[in-house]
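First comes the structure, then the notes that go with it.
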Amino acid sequence: MSASAPLRSALGRPAPSARRALRGALVLGLGLSACGDPPKDAAPADDGEEETGEPVERGPAPEVTPGAPALRRLTQSQYENALRDMFAGELYVPTNLEPDNDVEGLLSVGASTTSVSAYGVELYEAAALTVAEQVLASPEAKAALLSCTPTGPDDSTCAAEVLGALARRAWRRPVSAAEVGRLAELVAQIGAAEGSFDAGMVYGVAAVLQSPHFLYRREHGEGTGAVRPVTSVELASRLSFLLWNSIPDEELLAVAESGALLDEAVLEEQARRLLAHDNARRGLRNLFDEVFHLYNLPGINKDPLVFLNADPELGASAREETLLGVEAMVFDDDGDFRDLLTTERAFVDRRLAALYGVAAATPEGFGEVYLPAELGRRGLLGQASFLMLQSHATSSSATKRGVFVRRTLLCQEIPAPPADVDTSIPEADATSPTLRERLQTHLSDPYCASCHQLTDPIGLGFENFDGIGKWRLTENGATIDASGDLDGVAFANAWQMAEVLHDSPLLGPCFTRHVYRYGVGRVENGDELALIGWLNEGFAGTGYSFRELLVDTVLSPGFRNVGELQ
Amino acid sequence: MRSPLLAPLVAMSLLGACAPAPKAADQAGAAVDSGEAPTCGLPEDDAPGHVFVVQQLGFARVADGVAWGSDLDGVASAAGDGTGCGKPDVVDPEGTPGIDNAFAGLLPALEATEAAAISALLQDSVIAGELLITFELLGLDDTVDDSCVSVVFGEAVGAPLLGTDGQVLAGQSFTRDPADPVVVVEAAQVEGGRLIFDGEFTVGLQILDADLQIPVTNGRVRLDLAPDGSAAVGHLTGGLSVPLMLEEIDKYGIDPAVKDLLRTVLPAVADLSGPDGSCDQLSVVFEFIAVPAFFYGGTD
């Protein structure tokens, strides 16, 4: 479907709310433009207020035809979380699994497009057996699992009781008697052969965990037509994986099995219950882990000869700082999401504190500190996570940093450089001591400039931070000029740029889109752009409460329905 | 690990930086009046100080009659002139005569023995977190010229973060050593980026289950501050009591041959007079580089 379809649809609705939806779609549409002039005519932010400043009621959600349902493979983090939620006690979860795929910046979207190789099947089999053996060997885990006392090594009745409950939880749906029977028979046969009920159970548990019903998320919906509701149990999984990044708990599964979850009020009640649970922090962390690609930080390679602070743990610390900040903003403060960019509060361990040049709050773990303005560092883009990830191993990268801002914060499309282009830049010398001079190559060549003019002026704003995020005033002895402009709005340095980005009309819609894609596991179609605009309108209307955005997304027709099966 | 042989020497090395005390504070922080009214005092506000931690520590060596240090006895001695216990002084790289650094003359002899790694062990102690000397400059408004600065000396505890160069990482936070008495030097001055102050130093070092307390008399510390506050290069000069050193050496199972060497050499190289006028003090100069640091939760 073309992008013009939702615009026509929206234009046919004269209500102010629809105009807002249109504006949201426009914002997103502009964001999808290829390299060229920056979107100077971007619509103003949807802030939930009319021009008079009075809050306005948002209209109903636009009617959308969602994209086709996809079969999502559990991501590695979902696999681990699910196992930890299913079994009691300490558990080692193998991580040597089929790798996740990043599609459109999200592993959750990649999970809809990936398959499992023959080797991957072997890895899942080995992992399932490893976990099953641990569970049966651990007194705590075993006691929690076995709800009955086997009468012998081939007690299929007890096996059926145990594995029926386990499969229901793992597969996130009611299980049939035939399915349970097959599992119980497996246990009985192996138990008899081995003379041990537990030995049989190892294979029974492993069978549950190797099943595609566990490894894949089925969200096919029901009924016919272009817009079909997901089933109640499918909705429970969608909800749980969005908010907890794991399988539903017993209460949610029971509500789903009763069919009540299809009721909007019940769905909202469950969404809010899940958000109030500690597991929601885990879910939120995963969302931002994916959006910001923080999972690439542990073990990130930085040249130790260049960066004195680049010890092997720095990447992991940087990841944790960002996630703690997001957690605090969403769950402890329920604040304006955009403040992530401008907050002077940071959560640092002693390693990061040393990098930032502030006193650590505590010798162990992470503590909250405030970054004085004179440090020039604040918000997400002053954090080592962004500054390290969007750099090279030996140096900073204005291009990478600019691309991140455009793509991840503003949802603008920046194509990758053509494969046959030499992307290297000149070495520093007396006439080109700082990156700004060396990047002139990008900007003086019209072929390169079409994209680099969109990224480099932004990225150069972060040049006061080296390739691991340490503050610096000079490069090769020359004073760094970190000034620039973002689509016509000037800034003197990264500190000021944070404010510009905070107020960007593209920021809210962009994160609304991230959440939507993360929730439904695919890229939105043209129809859904209008829905995302509508969701952003709500996001703005709540003062950019991320929690409310999550609830709003869950209740939206795009989350509760799927398109035609293909 | 330090060898038992080197322990006393390392111990002596440590002491200089630990506790200068023209005005010492007790464990509770109460200052002891030195009897001399300072021209300025500790800042009354809670403004954070500039904390430095010694990152690199070693002995200042003499090369061609030149070495960093201080003129502790106020005399520019020449060999056999009857001053300075008959030991010649050196000049510092800036041409200042009368620099006392007799220990530097002893180093080659020590390094020819089992004590060859004495300088490296000193630095190892820093890296291992066994010798984290901190000093905090309070009331420092100008790193070039400031007429009123207070200095708080102390030690920190815990394993330091090391940079990829293997040195104590700049900018990190430390815990003050609760067992180390904080010592305050008031009314120090920064002139031309250099901060000099004197004090009677007292050593407190736990090593090999020994609680060493060795005085370093006539101590003098000189800090050259980088204008941007990013580092401080310093020297600490003082006098070590030869009898006390020998006493400490006797506590350890050191190679008898080395003990004999020290018993012979140390009194012979003593270049400073003790309180009773006898030549039983040995001048020593430590050179160090200090980098910015913090104390957890701030500098207070």
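Residues in the structure tokens are named by chain (A, B, ... in the order shown) and by number from 1 within that chain; ligands are numbered from 1 in the order shown.
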Can you build me a table of chain A residues sitting at most 10 Å from chain B, with the closest atom pair per residue and its distance in Å to one decimal, using only C-alpha atoms, sorted by chain and residue number, as JSON lines?
{"residue": "A:Asp303", "atom": "CA", "partner": "B:Thr164", "partner_atom": "CA", "distance": 9.3}
{"residue": "A:Pro304", "atom": "CA", "partner": "B:Thr164", "partner_atom": "CA", "distance": 5.5}
{"residue": "A:Leu305", "atom": "CA", "partner": "B:Thr164", "partner_atom": "CA", "distance": 7.1}
{"residue": "A:Val306", "atom": "CA", "partner": "B:Thr164", "partner_atom": "CA", "distance": 8.9}
{"residue": "A:Phe307", "atom": "CA", "partner": "B:Thr164", "partner_atom": "CA", "distance": 7.4}
{"residue": "A:Leu308", "atom": "CA", "partner": "B:Thr164", "partner_atom": "CA", "distance": 4.8}
{"residue": "A:Asn309", "atom": "CA", "partner": "B:Gly163", "partner_atom": "CA", "distance": 5.4}
{"residue": "A:Ala310", "atom": "CA", "partner": "B:Thr164", "partner_atom": "CA", "distance": 6.7}
{"residue": "A:Asp311", "atom": "CA", "partner": "B:Thr164", "partner_atom": "CA", "distance": 6.4}
{"residue": "A:Pro312", "atom": "CA", "partner": "B:Thr164", "partner_atom": "CA", "distance": 9.5}
{"residue": "A:Asp349", "atom": "CA", "partner": "B:Ser173", "partner_atom": "CA", "distance": 9.7}
{"residue": "A:Arg350", "atom": "CA", "partner": "B:Ser173", "partner_atom": "CA", "distance": 6.4}
{"residue": "A:Arg351", "atom": "CA", "partner": "B:Gln172", "partner_atom": "CA", "distance": 7.1}
{"residue": "A:Leu352", "atom": "CA", "partner": "B:Gln172", "partner_atom": "CA", "distance": 8.7}
{"residue": "A:Ala353", "atom": "CA", "partner": "B:Gln172", "partner_atom": "CA", "distance": 6.6}
{"residue": "A:Ala354", "atom": "CA", "partner": "B:Gln172", "partner_atom": "CA", "distance": 4.2}
{"residue": "A:Leu355", "atom": "CA", "partner": "B:Gly171", "partner_atom": "CA", "distance": 7.0}
{"residue": "A:Tyr356", "atom": "CA", "partner": "B:Gly171", "partner_atom": "CA", "distance": 7.9}
{"residue": "A:Gly357", "atom": "CA", "partner": "B:Gly171", "partner_atom": "CA", "distance": 5.3}
{"residue": "A:Val358", "atom": "CA", "partner": "B:Gly171", "partner_atom": "CA", "distance": 7.2}
{"residue": "A:Ala359", "atom": "CA", "partner": "B:Phe294", "partner_atom": "CA", "distance": 5.2}
{"residue": "A:Ala360", "atom": "CA", "partner": "B:Tyr296", "partner_atom": "CA", "distance": 5.2}
{"residue": "A:Ala361", "atom": "CA", "partner": "B:Gly297", "partner_atom": "CA", "distance": 4.5}
{"residue": "A:Thr362", "atom": "CA", "partner": "B:Tyr296", "partner_atom": "CA", "distance": 5.8}
{"residue": "A:Pro363", "atom": "CA", "partner": "B:Tyr296", "partner_atom": "CA", "distance": 7.0}
{"residue": "A:Gly367", "atom": "CA", "partner": "B:Gly297", "partner_atom": "CA", "distance": 9.3}
{"residue": "A:Glu368", "atom": "CA", "partner": "B:Gly297", "partner_atom": "CA", "distance": 9.7}
{"residue": "A:Val369", "atom": "CA", "partner": "B:Gly297", "partner_atom": "CA", "distance": 8.4}
Output for the residues just chosen: N, CA and C atoms as an mmCIF file, in the first residue's frame:
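Final file, again-v2.cif:
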data_model
loop_
_atom_site.group_PDB
_atom_site.id
_atom_site.type_symbol
_atom_site.label_atom_id
_atom_site.label_comp_id
_atom_site.auth_asym_id
_atom_site.auth_seq_id
_atom_site.Cartn_x
_atom_site.Cartn_y
_atom_site.Cartn_z
ATOM 1 N N ASP A 303 40.282 0.586 21.056
ATOM 2 C CA ASP A 303 41.740 0.477 21.077
ATOM 3 C C ASP A 303 42.288 0.924 22.442
ATOM 4 N N PRO A 304 42.884 0.012 23.175
ATOM 5 C CA PRO A 304 43.386 0.387 24.505
ATOM 6 C C PRO A 304 44.575 1.340 24.444
ATOM 7 N N LEU A 305 45.225 1.393 23.301
ATOM 8 C CA LEU A 305 46.337 2.332 23.196
ATOM 9 C C LEU A 305 45.840 3.760 22.993
ATOM 10 N N VAL A 306 44.620 3.874 22.533
ATOM 11 C CA VAL A 306 44.053 5.205 22.297
ATOM 12 C C VAL A 306 43.228 5.667 23.501
ATOM 13 N N PHE A 307 42.491 4.732 24.070
ATOM 14 C CA PHE A 307 41.550 5.107 25.126
ATOM 15 C C PHE A 307 41.956 4.455 26.451
ATOM 16 N N LEU A 308 42.478 5.255 27.359
ATOM 17 C CA LEU A 308 42.944 4.717 28.643
ATOM 18 C C LEU A 308 41.805 4.137 29.468
ATOM 19 N N ASN A 309 40.608 4.679 29.297
ATOM 20 C CA ASN A 309 39.473 4.228 30.109
ATOM 21 C C ASN A 309 38.786 2.999 29.527
ATOM 22 N N ALA A 310 39.261 2.541 28.388
ATOM 23 C CA ALA A 310 38.524 1.483 27.682
ATOM 24 C C ALA A 310 38.835 0.114 28.254
ATOM 25 N N ASP A 311 38.455 -0.115 29.485
ATOM 26 C CA ASP A 311 38.668 -1.455 30.018
ATOM 27 C C ASP A 311 37.531 -2.358 29.536
ATOM 28 N N PRO A 312 37.697 -3.660 29.678
ATOM 29 C CA PRO A 312 36.725 -4.575 29.073
ATOM 30 C C PRO A 312 35.304 -4.447 29.631
ATOM 31 N N ASP A 349 28.489 3.830 37.602
ATOM 32 C CA ASP A 349 29.353 3.110 38.524
ATOM 33 C C ASP A 349 30.682 3.866 38.569
ATOM 34 N N ARG A 350 31.620 3.337 39.311
ATOM 35 C CA ARG A 350 32.870 4.083 39.474
ATOM 36 C C ARG A 350 33.642 4.184 38.155
ATOM 37 N N ARG A 351 33.422 3.207 37.296
ATOM 38 C CA ARG A 351 34.111 3.199 36.005
ATOM 39 C C ARG A 351 33.600 4.346 35.132
ATOM 40 N N LEU A 352 32.286 4.467 35.067
ATOM 41 C CA LEU A 352 31.714 5.550 34.259
ATOM 42 C C LEU A 352 31.954 6.906 34.902
ATOM 43 N N ALA A 353 31.902 6.921 36.225
ATOM 44 C CA ALA A 353 32.162 8.185 36.919
ATOM 45 C C ALA A 353 33.559 8.700 36.576
ATOM 46 N N ALA A 354 34.511 7.785 36.514
ATOM 47 C CA ALA A 354 35.871 8.188 36.142
ATOM 48 C C ALA A 354 35.913 8.709 34.713
ATOM 49 N N LEU A 355 35.157 8.076 33.857
ATOM 50 C CA LEU A 355 35.121 8.520 32.462
ATOM 51 C C LEU A 355 34.494 9.913 32.352
ATOM 52 N N TYR A 356 33.454 10.124 33.152
ATOM 53 C CA TYR A 356 32.736 11.396 33.063
ATOM 54 C C TYR A 356 33.385 12.512 33.883
ATOM 55 N N GLY A 357 34.260 12.123 34.799
ATOM 56 C CA GLY A 357 34.875 13.133 35.645
ATOM 57 C C GLY A 357 33.969 13.637 36.739
ATOM 58 N N VAL A 358 33.212 12.712 37.333
ATOM 59 C CA VAL A 358 32.365 13.067 38.472
ATOM 60 C C VAL A 358 32.643 12.079 39.606
ATOM 61 N N ALA A 359 32.274 12.500 40.793
ATOM 62 C CA ALA A 359 32.422 11.600 41.932
ATOM 63 C C ALA A 359 31.367 10.514 41.848
ATOM 64 N N ALA A 360 31.789 9.283 41.990
ATOM 65 C CA ALA A 360 30.825 8.187 42.017
ATOM 66 C C ALA A 360 30.059 8.236 43.327
ATOM 67 N N ALA A 361 28.837 7.751 43.276
ATOM 68 C CA ALA A 361 28.017 7.787 44.480
ATOM 69 C C ALA A 361 28.354 6.645 45.422
ATOM 70 N N THR A 362 28.869 5.565 44.877
ATOM 71 C CA THR A 362 29.068 4.373 45.690
ATOM 72 C C THR A 362 30.217 3.544 45.125
ATOM 73 N N PRO A 363 30.942 2.855 46.004
ATOM 74 C CA PRO A 363 32.033 2.012 45.494
ATOM 75 C C PRO A 363 31.537 0.805 44.710
ATOM 76 N N GLY A 367 25.133 4.241 41.088
ATOM 77 C CA GLY A 367 24.490 5.225 41.934
ATOM 78 C C GLY A 367 24.112 6.439 41.121
ATOM 79 N N GLU A 368 23.198 7.188 41.667
ATOM 80 C CA GLU A 368 22.675 8.354 40.951
ATOM 81 C C GLU A 368 23.566 9.567 41.217
ATOM 82 N N VAL A 369 23.936 10.232 40.161
ATOM 83 C CA VAL A 369 24.710 11.467 40.286
ATOM 84 C C VAL A 369 24.093 12.518 39.366
#
task = Name all residues at most 12 Å from stretch 428-431 of chain A (count only C-alpha atoms; drop same-chain ones fewer than 3 positions away) and give them as a list of chain:residue names.
result = A:Ser395, A:Ile425, A:Thr434, A:Leu435, A:Arg436, A:Glu437, A:Arg438, A:Leu439, A:Gln440, A:Glu475, A:Asn476, A:Gly477, A:Ala478
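Distances here use only C-alpha atoms; by that measure, the residue among A:Arg73, A:Arg228, A:Lys400, A:Arg547 closest to A:Tyr124 is A:Arg73.
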Practice task
Among the residues of stretch 24-271 of chain B, find those DSSP assigns to alpha helix (DSSP H) from the backbone and print them as number ranges by chain.
Solution key: B: 102-111, 118-127, 242-250, 256-269
Residues near stretch 246-249 of chain A, cut-off 9 Å, only C-alpha atoms, skip fewer than 6 positions along chain, as an MDAnalysis selection string:
chainID A and resid 77:83 85:86 169:172 236:240 279 283
Save the residues we just selected, N, CA, C and O atoms, as a CSV table (one decimal), in the first residue's frame?
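The resulting out.csv:
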chain,number,residue,atom,x,y,z
A,77,SER,N,16.8,-13.1,24.2
A,77,SER,CA,16.4,-12.6,25.6
A,77,SER,C,15.0,-13.1,26.0
A,77,SER,O,14.8,-13.4,27.2
A,78,GLN,N,14.1,-13.3,25.0
A,78,GLN,CA,12.8,-13.8,25.3
A,78,GLN,C,12.9,-15.3,25.7
A,78,GLN,O,12.2,-15.7,26.7
A,79,TYR,N,13.8,-16.0,25.0
A,79,TYR,CA,14.0,-17.4,25.4
A,79,TYR,C,14.5,-17.5,26.8
A,79,TYR,O,14.0,-18.3,27.6
A,80,GLU,N,15.5,-16.7,27.1
A,80,GLU,CA,16.0,-16.8,28.5
A,80,GLU,C,15.0,-16.4,29.5
A,80,GLU,O,14.8,-17.1,30.6
A,81,ASN,N,14.3,-15.3,29.3
A,81,ASN,CA,13.3,-14.8,30.3
A,81,ASN,C,12.2,-15.9,30.5
A,81,ASN,O,11.8,-16.1,31.6
A,82,ALA,N,11.8,-16.5,29.4
A,82,ALA,CA,10.7,-17.4,29.5
A,82,ALA,C,11.1,-18.6,30.3
A,82,ALA,O,10.4,-19.1,31.2
A,83,LEU,N,12.3,-19.1,30.1
A,83,LEU,CA,12.8,-20.2,30.9
A,83,LEU,C,12.9,-19.8,32.4
A,83,LEU,O,12.6,-20.6,33.3
A,85,ASP,N,11.2,-17.6,33.9
A,85,ASP,CA,9.9,-17.5,34.5
A,85,ASP,C,9.2,-18.8,34.7
A,85,ASP,O,8.3,-18.9,35.6
A,86,MET,N,9.6,-19.8,33.9
A,86,MET,CA,8.9,-21.1,34.0
A,86,MET,C,9.4,-21.9,35.2
A,86,MET,O,8.7,-22.7,35.8
A,169,ARG,N,2.0,-23.4,29.9
A,169,ARG,CA,2.7,-22.2,30.2
A,169,ARG,C,3.8,-21.8,29.1
A,169,ARG,O,3.8,-20.7,28.7
A,170,ALA,N,4.5,-22.9,28.7
A,170,ALA,CA,5.5,-22.6,27.7
A,170,ALA,C,4.9,-22.2,26.3
A,170,ALA,O,5.5,-21.4,25.6
A,171,TRP,N,3.9,-22.9,26.0
A,171,TRP,CA,3.3,-22.7,24.7
A,171,TRP,C,2.2,-21.6,24.7
A,171,TRP,O,1.7,-21.2,23.7
A,172,ARG,N,1.9,-21.1,25.9
A,172,ARG,CA,1.1,-19.9,26.1
A,172,ARG,C,-0.3,-20.1,25.5
A,172,ARG,O,-0.9,-19.2,25.0
A,236,ALA,N,-2.7,-12.3,24.7
A,236,ALA,CA,-1.9,-12.4,25.9
A,236,ALA,C,-0.4,-12.4,25.7
A,236,ALA,O,0.4,-11.8,26.4
A,237,SER,N,0.0,-13.2,24.7
A,237,SER,CA,1.4,-13.3,24.4
A,237,SER,C,1.9,-12.0,23.9
A,237,SER,O,3.0,-11.6,24.3
A,238,ARG,N,1.2,-11.4,23.0
A,238,ARG,CA,1.6,-10.1,22.5
A,238,ARG,C,1.8,-9.1,23.7
A,238,ARG,O,2.8,-8.4,23.7
A,239,LEU,N,0.9,-9.1,24.5
A,239,LEU,CA,0.9,-8.2,25.7
A,239,LEU,C,2.1,-8.5,26.6
A,239,LEU,O,2.9,-7.6,26.9
A,240,SER,N,2.2,-9.7,26.9
A,240,SER,CA,3.3,-10.1,27.8
A,240,SER,C,4.7,-9.9,27.2
A,240,SER,O,5.6,-9.4,27.9
A,279,ASN,N,8.6,-7.2,36.5
A,279,ASN,CA,9.0,-7.7,35.2
A,279,ASN,C,8.9,-6.7,34.1
A,279,ASN,O,9.5,-6.8,33.0
A,283,GLY,N,11.1,-5.8,30.7
A,283,GLY,CA,10.6,-5.6,29.4
A,283,GLY,C,11.0,-4.3,28.8
A,283,GLY,O,11.4,-4.2,27.6
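Here atom CA of A:Gln390 and atom CA of A:Thr114 stand 25.9 Å from one another.
Note that the spacing between atom CA of B:Gly239 and atom CA of B:Leu131 amounts to 19.8 Å.
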- Query: Within 12 Å of stretch 276-279 of chain B, counting only C-alpha atoms, which residues qualify if same-chain residues fewer than 2 places away don't, as JSON, numbers by chain?
  - Reply: {"B": [73, 82, 83, 84, 85, 86, 87, 239, 240, 241, 242, 243, 266, 267, 268, 269, 270, 271, 272, 273, 274, 281, 282, 283]}
Could you name the residues that touch A:Glu122 at 12 Å or less, counting only C-alpha atoms, but leaving out those on the same chain fewer than 6 positions away, as a VMD selection string? chain A and resid 96 to 98 116 128 to 129 210
Export all heavy atoms of the chosen residues as a PDB file, in the first residue's frame?
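What landed in selection.pdb:
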ATOM      1  N   ASN A  96      24.324 -19.993  23.437  1.00  0.00           N
ATOM      2  CA  ASN A  96      24.776 -20.386  22.111  1.00  0.00           C
ATOM      3  C   ASN A  96      23.579 -20.885  21.307  1.00  0.00           C
ATOM      4  O   ASN A  96      23.341 -22.080  21.187  1.00  0.00           O
ATOM      5  CB  ASN A  96      25.850 -21.465  22.231  1.00  0.00           C
ATOM      6  CG  ASN A  96      26.399 -21.873  20.880  1.00  0.00           C
ATOM      7  OD1 ASN A  96      26.353 -21.085  19.932  1.00  0.00           O
ATOM      8  ND2 ASN A  96      26.906 -23.084  20.782  1.00  0.00           N
ATOM      9  N   LEU A  97      22.810 -19.919  20.818  1.00  0.00           N
ATOM     10  CA  LEU A  97      21.587 -20.227  20.081  1.00  0.00           C
ATOM     11  C   LEU A  97      21.648 -19.558  18.714  1.00  0.00           C
ATOM     12  O   LEU A  97      22.543 -18.761  18.433  1.00  0.00           O
ATOM     13  CB  LEU A  97      20.365 -19.709  20.854  1.00  0.00           C
ATOM     14  CG  LEU A  97      20.163 -20.280  22.258  1.00  0.00           C
ATOM     15  CD1 LEU A  97      19.067 -19.506  22.977  1.00  0.00           C
ATOM     16  CD2 LEU A  97      19.822 -21.761  22.195  1.00  0.00           C
ATOM     17  N   GLU A  98      20.676 -19.907  17.904  1.00  0.00           N
ATOM     18  CA  GLU A  98      20.582 -19.235  16.613  1.00  0.00           C
ATOM     19  C   GLU A  98      20.546 -17.720  16.859  1.00  0.00           C
ATOM     20  O   GLU A  98      19.770 -17.236  17.681  1.00  0.00           O
ATOM     21  CB  GLU A  98      19.280 -19.676  15.925  1.00  0.00           C
ATOM     22  CG  GLU A  98      19.186 -19.293  14.484  1.00  0.00           C
ATOM     23  CD  GLU A  98      19.814 -20.343  13.555  1.00  0.00           C
ATOM     24  OE1 GLU A  98      20.690 -21.106  14.013  1.00  0.00           O
ATOM     25  OE2 GLU A  98      19.424 -20.382  12.390  1.00  0.00           O
ATOM     26  N   VAL A 116      15.193 -20.927  11.222  1.00  0.00           N
ATOM     27  CA  VAL A 116      16.143 -21.687  12.034  1.00  0.00           C
ATOM     28  C   VAL A 116      16.887 -22.658  11.125  1.00  0.00           C
ATOM     29  O   VAL A 116      16.266 -23.449  10.414  1.00  0.00           O
ATOM     30  CB  VAL A 116      15.419 -22.462  13.157  1.00  0.00           C
ATOM     31  CG1 VAL A 116      16.427 -23.259  13.975  1.00  0.00           C
ATOM     32  CG2 VAL A 116      14.665 -21.503  14.057  1.00  0.00           C
ATOM     33  N   ALA A 128      17.725 -27.092  25.266  1.00  0.00           N
ATOM     34  CA  ALA A 128      16.554 -27.625  25.969  1.00  0.00           C
ATOM     35  C   ALA A 128      16.961 -28.751  26.924  1.00  0.00           C
ATOM     36  O   ALA A 128      16.483 -28.819  28.063  1.00  0.00           O
ATOM     37  CB  ALA A 128      15.537 -28.132  24.949  1.00  0.00           C
ATOM     38  N   LEU A 129      17.826 -29.616  26.460  1.00  0.00           N
ATOM     39  CA  LEU A 129      18.279 -30.710  27.325  1.00  0.00           C
ATOM     40  C   LEU A 129      19.099 -30.183  28.497  1.00  0.00           C
ATOM     41  O   LEU A 129      18.965 -30.658  29.628  1.00  0.00           O
ATOM     42  CB  LEU A 129      19.105 -31.712  26.509  1.00  0.00           C
ATOM     43  CG  LEU A 129      18.283 -32.685  25.653  1.00  0.00           C
ATOM     44  CD1 LEU A 129      19.159 -33.421  24.647  1.00  0.00           C
ATOM     45  CD2 LEU A 129      17.533 -33.679  26.542  1.00  0.00           C
ATOM     46  N   GLN A 210      11.716 -27.698  23.086  1.00  0.00           N
ATOM     47  CA  GLN A 210      12.163 -27.724  21.688  1.00  0.00           C
ATOM     48  C   GLN A 210      11.026 -27.478  20.717  1.00  0.00           C
ATOM     49  O   GLN A 210      11.244 -27.295  19.526  1.00  0.00           O
ATOM     50  CB  GLN A 210      12.754 -29.097  21.349  1.00  0.00           C
ATOM     51  CG  GLN A 210      14.078 -29.398  21.974  1.00  0.00           C
ATOM     52  CD  GLN A 210      14.534 -30.800  21.614  1.00  0.00           C
ATOM     53  OE1 GLN A 210      14.819 -31.100  20.470  1.00  0.00           O
ATOM     54  NE2 GLN A 210      14.565 -31.658  22.614  1.00  0.00           N
TER      55      GLN A 210
END
Identify, with DSSP run on backbone atoms, the residues in stretch 144-315 of chain A assigned to strand (DSSP E), and express the list as a ChimeraX atom specification.
/A:216-218,228-229
Q) Within 9 Å of A:Asp466, counting only C-alpha atoms, which residues qualify if same-chain residues fewer than 2 places away don't, as number ranges by chain? A) A: 307, 387-388, 391, 395-397, 462-464, 468-472
So that I can check the surroundings of stretch 255-259 of chain A, please list as a list in words every protein, DNA and RNA residue that reaches within 9 Å of it, counting only C-alpha atoms and ignoring chain neighbours fewer than 6 positions away.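 The residues that qualify are Arg173, Pro174, Thr231, Ser232, Val233, Glu234, Leu235, Ala236, Val266 and Gln270 of chain A.
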